Structure formats: structure tokens, C-alpha cells
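**Student:** The structure is given below, and queries will be raised subsequently.
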Amino acid sequence: EEAKQLFGRLLFNDPDLREVWLNYPLHPLQLQEPNTDRQLIETSPVLQKLTEFEEAIGVIFTHVRLLARAFTLRTVGFNHLTLGHNQRMEFLGDSIMQLVATEYLFIHFPDHHEGHLTLLRSSLVNNRTQAKVAEELGMQEYAITNDKTKRPVALRTKTLADLLESFIAALYIDKDLEYVHTFMNVCFFPRLKEFILNQDWNDPKSQLQQCCLTLRTEGKEPDIPLYK
């Protein structure tokens, strides 16, 4: 909140523009039903199914249509229930996960070089890890698609990762950042030990980068590699 106020003062001299920055509107789904939209569950099979997911993760959304929007694949397009697909939310969720993971690593690995922290973060916030978490939570079963056959949908790794990132955005919009912290504390950060032991991220390019960073930390000055 403090950072937002500071940016508003630094970026905008015009008070009207500053007001837009500091008081941006609610999500369109929240604007339609300002208090809650849970009364719509009774008449919507899609929302009824999503209450099973809410029970499974222990979070009840104030605006359950935000959760529905997060699970709506691009192929569905515009509809009156969700007002669109999940790609905009995926864009937001990715940045939120980067922020939360960066802060966690910065606090818990105080002696690590920033290059090593970047490798740890990339092992947490990538399509493969996100897809694995999404699959473990059964998110694929709640994906909203154009398929009318009701059979289980086999989703690609990238699509599963998008579902997870969109869910993070919905959690942030409906609740707050603290909920995202808790979710990642439970579902992502315990995996760090496994990543560190296996060094899954260490493809040859990353190994070379890590070697150069380690030598620089020891007082030597090899150039960081340039790739062509």
C-alpha cells in the first residue's frame, strides 16, 4: 500500500491521473455483484461443481465467478458467467508468484548470490512445477472447456500451469496476498529441498552461469557468458 502511494506521487502530477492509479476499480465480476455472487451457485451447475474444489482446498471465495474465470480456457471465449477466459488472470498470477517466491528466497537464503536465488526461483515458478501442483490439486477436473461430452480432459503442461497461475490471481483478487503466501507455503516451498538435492534446474547453460557467478563471489571476475 505504501509503495502504491509513493508511485502515485512520483509518476503523476495531475491529481485526476493520480486518483485513477491509487483507486483502480474492482474486477468487472466483483462490480456486477458487489457483496458476493454466491447466490448464483443455486442455478449454475458450473459453480456448483467448483464448490467441491473450494471444499478440497479449504478456501471459500466471496466471488466464486472469479474462480470460474480462472478455470475457463481460452477456447471458451466470452460468456455471461465469467465474462471471458483466464489468460489475463494468468498474466497477473505469474507476477504474483514471482513476487512471493522472490521474497521467500530473499529471507530464507540470506547468504546466497542473486544468481543462485534466480535458479531456485525458476525451479519453483515454471510450467513443470506449476502443472504438477495443479494436477495434484485436481484442477484439470474443474477446467471449463467447450467439450460437451463430460469426459475427463487431458491438458497440456502449459495449460495446467496457466490454470494454476490464474487460480493464484483469483485468490489474490478475491482475498489478498496473505492467502497466496499461505498457498505457496503449503504447495510450493516444501519442494525446495527436493529441487536443491536433485538440482533439476541445472541444465548445461545454467551450470555454466552458476560456475561464473560462484567464481565472481570468490573475488575473481570471469565475464557472465553471452549466448548466440
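Chain labels follow the order of the C-alpha cells: the first chain is A, the next B, and so on; residue numbering restarts at 1 in every chain, and ligands are counted from 1 in their shown order.
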Please list as an mmCIF file with all heavy atoms, in the first residue's frame every residue within 9 Å of Thr75 in chain A, counting only C-alpha atoms and excluding residues in the same chain fewer than 3 positions away.
**Tutor:**
```cif
data_model
loop_
_atom_site.group_PDB
_atom_site.id
_atom_site.type_symbol
_atom_site.label_atom_id
_atom_site.label_comp_id
_atom_site.auth_asym_id
_atom_site.auth_seq_id
_atom_site.Cartn_x
_atom_site.Cartn_y
_atom_site.Cartn_z
ATOM 1 N N THR A 72 -11.548 -21.053 -16.808
ATOM 2 C CA THR A 72 -12.123 -21.005 -18.153
ATOM 3 C C THR A 72 -11.009 -20.911 -19.201
ATOM 4 O O THR A 72 -10.265 -19.928 -19.228
ATOM 5 C CB THR A 72 -13.074 -19.798 -18.301
ATOM 6 O OG1 THR A 72 -14.106 -19.895 -17.314
ATOM 7 C CG2 THR A 72 -13.709 -19.775 -19.684
ATOM 8 N N HIS A 85 -12.113 -15.551 -20.796
ATOM 9 C CA HIS A 85 -11.269 -16.685 -20.416
ATOM 10 C C HIS A 85 -10.204 -16.257 -19.409
ATOM 11 O O HIS A 85 -10.202 -15.122 -18.918
ATOM 12 C CB HIS A 85 -10.634 -17.320 -21.662
ATOM 13 C CG HIS A 85 -9.891 -16.336 -22.521
ATOM 14 N ND1 HIS A 85 -8.721 -15.738 -22.124
ATOM 15 C CD2 HIS A 85 -10.161 -15.836 -23.759
ATOM 16 C CE1 HIS A 85 -8.279 -14.929 -23.066
ATOM 17 N NE2 HIS A 85 -9.141 -14.962 -24.069
ATOM 18 N N THR A 145 -14.278 -26.000 -20.384
ATOM 19 C CA THR A 145 -13.891 -26.113 -21.795
ATOM 20 C C THR A 145 -15.133 -26.112 -22.676
ATOM 21 O O THR A 145 -16.269 -26.037 -22.196
ATOM 22 C CB THR A 145 -13.115 -27.425 -22.030
ATOM 23 O OG1 THR A 145 -14.038 -28.522 -21.893
ATOM 24 C CG2 THR A 145 -11.984 -27.602 -21.028
ATOM 25 N N ASN A 146 -14.894 -26.234 -23.992
ATOM 26 C CA ASN A 146 -16.002 -26.338 -24.952
ATOM 27 C C ASN A 146 -16.486 -27.769 -25.107
ATOM 28 O O ASN A 146 -17.451 -28.024 -25.825
ATOM 29 C CB ASN A 146 -15.548 -25.824 -26.330
ATOM 30 C CG ASN A 146 -15.551 -24.304 -26.364
ATOM 31 O OD1 ASN A 146 -16.329 -23.678 -25.657
ATOM 32 N ND2 ASN A 146 -14.682 -23.714 -27.163
#
```
**Student:** Using only C-alpha atoms, determine which residues lie at most 10 Å from range 186-194 of chain A, disregarding the query and same-chain residues fewer than 5 positions distant; provide the list as an MDAnalysis selection string.
**Tutor:** chainID A and resid 101 104:105 120:121 123:125 129:130 133:134 136:137 180:181 199:200
**Student:** With only C-alpha atoms as the basis for distance, which of A:Glu1, A:Asp174, A:Glu42, A:Asp111 is at the shortest distance from Leu26 in chain A?
**Tutor:**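 Among the listed residues, the smallest separation from Leu26 in chain A belongs to A:Asp174.
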**Student:** Which one of A:Asp162, A:Asn23, A:Glu114, A:Ile60 sits closest to Phe91 in chain A if you count only C-alpha atoms?
**Tutor:**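 Checking each of A:Asp162, A:Asn23, A:Glu114, A:Ile60 against Phe91 in chain A, counting only C-alpha atoms, the winner is A:Asp162.
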**Student:** Can you tell me, as JSON, numbers by chain, which residues in range 75-190 of chain A count as alpha helix (DSSP H) by DSSP?
**Tutor:** {"A": [87, 88, 89, 90, 91, 92, 93, 94, 95, 96, 97, 98, 99, 100, 101, 102, 103, 104, 105, 106, 107, 108, 114, 115, 116, 117, 118, 119, 120, 121, 122, 123, 124, 127, 128, 129, 130, 131, 132, 133, 134, 135, 136, 157, 158, 159, 160, 161, 162, 163, 164, 165, 166, 167, 168, 169, 170, 171, 172, 173, 174, 177, 178, 179, 180, 181, 182, 183, 184, 185, 186, 187]}
**Student:** Using only C-alpha atoms, find the one residue out of A:Leu208, A:Met97, A:Val59, A:Leu50 that sits nearest to Met139 in chain A.
**Tutor:**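 Of A:Leu208, A:Met97, A:Val59, A:Leu50, the one nearest Met139 in chain A is A:Leu50, counting only C-alpha atoms.
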